[in-house]
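*Asks:* After the structure tokens below, expect a handful of questions from me.
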Amino acid sequence: MAKTSKIAANERRKRAVARYAERRAALKEAVRTASTAEAREAAVRALSRLPRDASPVRVRNRDQVDGRPRGYVGKLGLSRLNLRSMAHRGELPGITKSSW
């Protein structure tokens with residue numbers, strides 16, 4: 001189980017990313033397609049003035065059950081530990097333990 005403060009911080013980052021997504025996309029497009037160097041520099045400066053947590057890279061993939069940050073399986077949104085235990089209990093439809 002992850003600390004609740006870390007889980008809350010990650011949720012706060014997700015909200016910040018959603019809030020600034022449109023503005024970030026417009027500024028990134030302005031940087032990419034700027035016609036002059038001054039316009040590009042102005043767009044870069046405006047982009048750097050946005051909050052750091054508004055960047056999608058800062059959001060961490062966490063387990064939906066207990067918030068564990070490591071061993072994340074993206075297809076199911078679980079960590080490897082919870083994936084294994086839930087699959088053994090039969091709580092994940094279509095997932096079976098393989099043996100050969």
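If you're wondering about the labels, chains in the structure tokens are A, B, ... by order shown, residues count from 1 in each chain, ligands from 1 in order shown.
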Give me the residues within 12 Å of Arg24 in chain A as a compact mmCIF listing (two decimals) with N, CA, C and O atoms, in the first residue's frame, counting only C-alpha atoms and dropping any in the same chain fewer than 2 places off.
*Replies:*
```txt
# COMPACT_ATOMS: atom_id res chain seq x y z
N ALA A 16 -4.10 18.79 -12.69
CA ALA A 16 -3.33 19.89 -13.28
C ALA A 16 -3.08 19.62 -14.76
O ALA A 16 -3.17 20.54 -15.59
N VAL A 17 -2.77 18.39 -15.11
CA VAL A 17 -2.54 18.04 -16.52
C VAL A 17 -3.81 18.28 -17.32
O VAL A 17 -3.77 18.86 -18.41
N ALA A 18 -4.95 17.88 -16.78
CA ALA A 18 -6.22 18.08 -17.48
C ALA A 18 -6.55 19.57 -17.61
O ALA A 18 -7.05 20.01 -18.65
N ARG A 19 -6.25 20.34 -16.58
CA ARG A 19 -6.57 21.77 -16.59
C ARG A 19 -5.75 22.53 -17.63
O ARG A 19 -6.25 23.42 -18.30
N TYR A 20 -4.47 22.17 -17.77
CA TYR A 20 -3.57 22.91 -18.65
C TYR A 20 -3.33 22.23 -20.00
O TYR A 20 -2.51 22.70 -20.78
N ALA A 21 -4.02 21.14 -20.29
CA ALA A 21 -3.74 20.36 -21.50
C ALA A 21 -3.93 21.19 -22.77
O ALA A 21 -3.07 21.16 -23.66
N GLU A 22 -5.03 21.92 -22.85
CA GLU A 22 -5.30 22.69 -24.06
C GLU A 22 -4.27 23.81 -24.24
O GLU A 22 -3.76 24.03 -25.35
N ALA A 26 -1.45 24.14 -27.31
CA ALA A 26 -1.36 25.32 -28.17
C ALA A 26 0.05 25.90 -28.15
O ALA A 26 0.58 26.29 -29.20
N LEU A 27 0.66 25.96 -26.98
CA LEU A 27 2.02 26.50 -26.88
C LEU A 27 3.03 25.59 -27.57
O LEU A 27 3.96 26.06 -28.23
N LYS A 28 2.86 24.27 -27.42
CA LYS A 28 3.79 23.34 -28.07
C LYS A 28 3.67 23.45 -29.59
O LYS A 28 4.66 23.37 -30.30
N GLU A 29 2.44 23.64 -30.08
CA GLU A 29 2.24 23.82 -31.50
C GLU A 29 2.87 25.14 -31.96
O GLU A 29 3.45 25.21 -33.05
N ALA A 30 2.76 26.18 -31.12
CA ALA A 30 3.37 27.47 -31.46
C ALA A 30 4.89 27.35 -31.51
O ALA A 30 5.53 27.96 -32.37
N VAL A 31 5.47 26.57 -30.63
CA VAL A 31 6.92 26.36 -30.65
C VAL A 31 7.31 25.62 -31.92
O VAL A 31 8.30 25.95 -32.57
N ALA A 43 7.06 31.64 -27.08
CA ALA A 43 6.24 30.46 -26.80
C ALA A 43 6.94 29.54 -25.81
O ALA A 43 6.29 28.97 -24.92
N VAL A 44 8.24 29.41 -25.94
CA VAL A 44 9.00 28.56 -25.00
C VAL A 44 8.95 29.16 -23.60
O VAL A 44 8.78 28.45 -22.60
N ARG A 45 9.09 30.49 -23.52
CA ARG A 45 9.02 31.14 -22.21
C ARG A 45 7.64 30.97 -21.57
O ARG A 45 7.52 30.69 -20.38
N ALA A 46 6.59 31.11 -22.38
CA ALA A 46 5.23 30.92 -21.87
C ALA A 46 5.02 29.48 -21.42
O ALA A 46 4.36 29.23 -20.40
N LEU A 47 5.58 28.55 -22.16
CA LEU A 47 5.47 27.13 -21.79
C LEU A 47 6.21 26.85 -20.48
O LEU A 47 5.73 26.09 -19.64
N SER A 48 7.34 27.49 -20.29
CA SER A 48 8.11 27.26 -19.06
C SER A 48 7.47 27.94 -17.85
O SER A 48 7.77 27.56 -16.72
N ARG A 49 6.59 28.91 -18.08
CA ARG A 49 5.91 29.56 -16.96
C ARG A 49 4.74 28.74 -16.43
O ARG A 49 4.24 29.01 -15.34
N LEU A 50 4.29 27.75 -17.19
CA LEU A 50 3.23 26.88 -16.70
C LEU A 50 3.75 26.05 -15.53
O LEU A 50 4.96 25.82 -15.40
N PRO A 51 2.86 25.58 -14.66
CA PRO A 51 3.32 24.75 -13.54
C PRO A 51 3.99 23.47 -14.02
O PRO A 51 3.60 22.90 -15.05
N ARG A 52 4.99 23.03 -13.29
CA ARG A 52 5.70 21.81 -13.68
C ARG A 52 4.78 20.60 -13.65
O ARG A 52 4.90 19.70 -14.47
N ASP A 53 3.87 20.58 -12.69
CA ASP A 53 2.97 19.43 -12.59
C ASP A 53 1.93 19.40 -13.70
O ASP A 53 1.14 18.47 -13.78
N ALA A 54 1.91 20.40 -14.57
CA ALA A 54 0.99 20.40 -15.70
C ALA A 54 1.51 19.54 -16.84
O ALA A 54 0.80 19.30 -17.81
N SER A 55 2.73 19.06 -16.72
CA SER A 55 3.31 18.20 -17.75
C SER A 55 2.84 16.76 -17.55
O SER A 55 2.93 16.22 -16.45
N PRO A 56 2.34 16.11 -18.59
CA PRO A 56 1.84 14.74 -18.44
C PRO A 56 2.92 13.74 -18.03
O PRO A 56 2.61 12.68 -17.51
```
*Asks:* Skip Val59 in chain A itself and residues of its chain fewer than 6 positions away, then list as a PyMOL selection string all residues within 7 Å of it, counting only C-alpha atoms.
*Replies:* chain A and resi 10+13-14
*Asks:* For range 69-73 of chain A, find every residue with an atom within 10 Å (counting only C-alpha atoms), except residues of its own chain fewer than 2 positions away, and show them as a PDB file with N, CA, C and O atoms, in the first residue's frame.
*Replies:*
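Wrote it out as result_6.pdb, contents follow:
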```
ATOM      1  N   MET A   1       0.838  -1.182   0.000  1.00  0.00           N
ATOM      2  CA  MET A   1       0.000   0.000   0.000  1.00  0.00           C
ATOM      3  C   MET A   1       0.878   1.239   0.000  1.00  0.00           C
ATOM      4  O   MET A   1       1.756   1.386   0.835  1.00  0.00           O
ATOM      5  N   ALA A   2       0.645   2.103  -0.956  1.00  0.00           N
ATOM      6  CA  ALA A   2       1.407   3.346  -1.062  1.00  0.00           C
ATOM      7  C   ALA A   2       0.888   4.350  -0.036  1.00  0.00           C
ATOM      8  O   ALA A   2      -0.247   4.260   0.446  1.00  0.00           O
ATOM      9  N   LYS A   6       1.206  10.297  -1.342  1.00  0.00           N
ATOM     10  CA  LYS A   6       1.726  10.109  -2.701  1.00  0.00           C
ATOM     11  C   LYS A   6       0.593   9.899  -3.698  1.00  0.00           C
ATOM     12  O   LYS A   6       0.629  10.410  -4.820  1.00  0.00           O
ATOM     13  N   ILE A   7      -0.424   9.142  -3.288  1.00  0.00           N
ATOM     14  CA  ILE A   7      -1.576   8.911  -4.157  1.00  0.00           C
ATOM     15  C   ILE A   7      -2.310  10.231  -4.393  1.00  0.00           C
ATOM     16  O   ILE A   7      -2.704  10.558  -5.519  1.00  0.00           O
ATOM     17  N   ARG A  60       2.378   9.600 -12.527  1.00  0.00           N
ATOM     18  CA  ARG A  60       2.916   8.256 -12.346  1.00  0.00           C
ATOM     19  C   ARG A  60       1.793   7.228 -12.486  1.00  0.00           C
ATOM     20  O   ARG A  60       0.710   7.411 -11.935  1.00  0.00           O
ATOM     21  N   ASN A  61       2.044   6.166 -13.235  1.00  0.00           N
ATOM     22  CA  ASN A  61       1.080   5.064 -13.314  1.00  0.00           C
ATOM     23  C   ASN A  61       1.096   4.325 -11.989  1.00  0.00           C
ATOM     24  O   ASN A  61       2.145   3.870 -11.532  1.00  0.00           O
ATOM     25  N   ARG A  62      -0.069   4.201 -11.375  1.00  0.00           N
ATOM     26  CA  ARG A  62      -0.176   3.521 -10.084  1.00  0.00           C
ATOM     27  C   ARG A  62      -1.269   2.471 -10.121  1.00  0.00           C
ATOM     28  O   ARG A  62      -2.238   2.584 -10.861  1.00  0.00           O
ATOM     29  N   ASP A  63      -1.100   1.453  -9.268  1.00  0.00           N
ATOM     30  CA  ASP A  63      -2.066   0.382  -9.122  1.00  0.00           C
ATOM     31  C   ASP A  63      -3.403   0.965  -8.665  1.00  0.00           C
ATOM     32  O   ASP A  63      -3.447   1.807  -7.773  1.00  0.00           O
ATOM     33  N   GLN A  64      -4.502   0.510  -9.272  1.00  0.00           N
ATOM     34  CA  GLN A  64      -5.819   1.019  -8.907  1.00  0.00           C
ATOM     35  C   GLN A  64      -6.280   0.512  -7.544  1.00  0.00           C
ATOM     36  O   GLN A  64      -7.105   1.149  -6.902  1.00  0.00           O
ATOM     37  N   ASP A  66      -4.155  -0.493  -4.674  1.00  0.00           N
ATOM     38  CA  ASP A  66      -3.447   0.024  -3.498  1.00  0.00           C
ATOM     39  C   ASP A  66      -2.448   1.141  -3.797  1.00  0.00           C
ATOM     40  O   ASP A  66      -1.792   1.628  -2.900  1.00  0.00           O
ATOM     41  N   GLY A  67      -2.339   1.573  -5.055  1.00  0.00           N
ATOM     42  CA  GLY A  67      -1.486   2.710  -5.378  1.00  0.00           C
ATOM     43  C   GLY A  67      -0.022   2.388  -5.543  1.00  0.00           C
ATOM     44  O   GLY A  67       0.807   3.298  -5.606  1.00  0.00           O
ATOM     45  N   LYS A  75      -2.374  -2.774 -19.143  1.00  0.00           N
ATOM     46  CA  LYS A  75      -3.587  -3.316 -19.739  1.00  0.00           C
ATOM     47  C   LYS A  75      -4.698  -3.462 -18.701  1.00  0.00           C
ATOM     48  O   LYS A  75      -5.873  -3.299 -19.012  1.00  0.00           O
ATOM     49  N   LEU A  76      -4.323  -3.750 -17.459  1.00  0.00           N
ATOM     50  CA  LEU A  76      -5.305  -3.976 -16.406  1.00  0.00           C
ATOM     51  C   LEU A  76      -5.313  -2.875 -15.347  1.00  0.00           C
ATOM     52  O   LEU A  76      -6.231  -2.813 -14.531  1.00  0.00           O
ATOM     53  N   GLY A  77      -4.283  -2.042 -15.312  1.00  0.00           N
ATOM     54  CA  GLY A  77      -4.223  -0.994 -14.299  1.00  0.00           C
ATOM     55  C   GLY A  77      -3.878  -1.507 -12.924  1.00  0.00           C
ATOM     56  O   GLY A  77      -4.218  -0.883 -11.919  1.00  0.00           O
ATOM     57  N   LEU A  78      -3.197  -2.656 -12.869  1.00  0.00           N
ATOM     58  CA  LEU A  78      -2.831  -3.276 -11.600  1.00  0.00           C
ATOM     59  C   LEU A  78      -1.327  -3.470 -11.536  1.00  0.00           C
ATOM     60  O   LEU A  78      -0.653  -3.514 -12.557  1.00  0.00           O
ATOM     61  N   SER A  79      -0.821  -3.633 -10.325  1.00  0.00           N
ATOM     62  CA  SER A  79       0.577  -4.010 -10.178  1.00  0.00           C
ATOM     63  C   SER A  79       0.677  -5.521 -10.365  1.00  0.00           C
ATOM     64  O   SER A  79      -0.320  -6.242 -10.304  1.00  0.00           O
ATOM     65  N   ARG A  80       1.884  -5.987 -10.570  1.00  0.00           N
ATOM     66  CA  ARG A  80       2.088  -7.421 -10.808  1.00  0.00           C
ATOM     67  C   ARG A  80       1.629  -8.256  -9.614  1.00  0.00           C
ATOM     68  O   ARG A  80       1.118  -9.362  -9.791  1.00  0.00           O
ATOM     69  N   LEU A  81       1.763  -7.711  -8.411  1.00  0.00           N
ATOM     70  CA  LEU A  81       1.375  -8.458  -7.218  1.00  0.00           C
ATOM     71  C   LEU A  81      -0.139  -8.612  -7.124  1.00  0.00           C
ATOM     72  O   LEU A  81      -0.658  -9.707  -6.879  1.00  0.00           O
ATOM     73  N   ASN A  82      -0.857  -7.520  -7.315  1.00  0.00           N
ATOM     74  CA  ASN A  82      -2.317  -7.592  -7.264  1.00  0.00           C
ATOM     75  C   ASN A  82      -2.879  -8.359  -8.456  1.00  0.00           C
ATOM     76  O   ASN A  82      -3.885  -9.046  -8.319  1.00  0.00           O
ATOM     77  N   LEU A  83      -2.217  -8.255  -9.599  1.00  0.00           N
ATOM     78  CA  LEU A  83      -2.646  -9.018 -10.768  1.00  0.00           C
ATOM     79  C   LEU A  83      -2.588 -10.511 -10.457  1.00  0.00           C
ATOM     80  O   LEU A  83      -3.545 -11.252 -10.718  1.00  0.00           O
TER      81      LEU A  83
END
```
*Asks:* What residues in chain A get the DSSP label alpha helix (DSSP H)? Please answer as a PyMOL selection string.
*Replies:* chain A and resi 4-33+37-49+80-89
*Asks:* Which parts of range 15-99 of chain A does DSSP call strand (DSSP E) when run on the backbone here, written out as number ranges by chain?
*Replies:* A: 72-73, 78-79
*Asks:* Calculate how many Å separate CA of His88 in chain A from CA of Ala8 in chain A, rounding to one decimal.
*Replies:*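 Here the two named atoms are 29.6 Å from each other.
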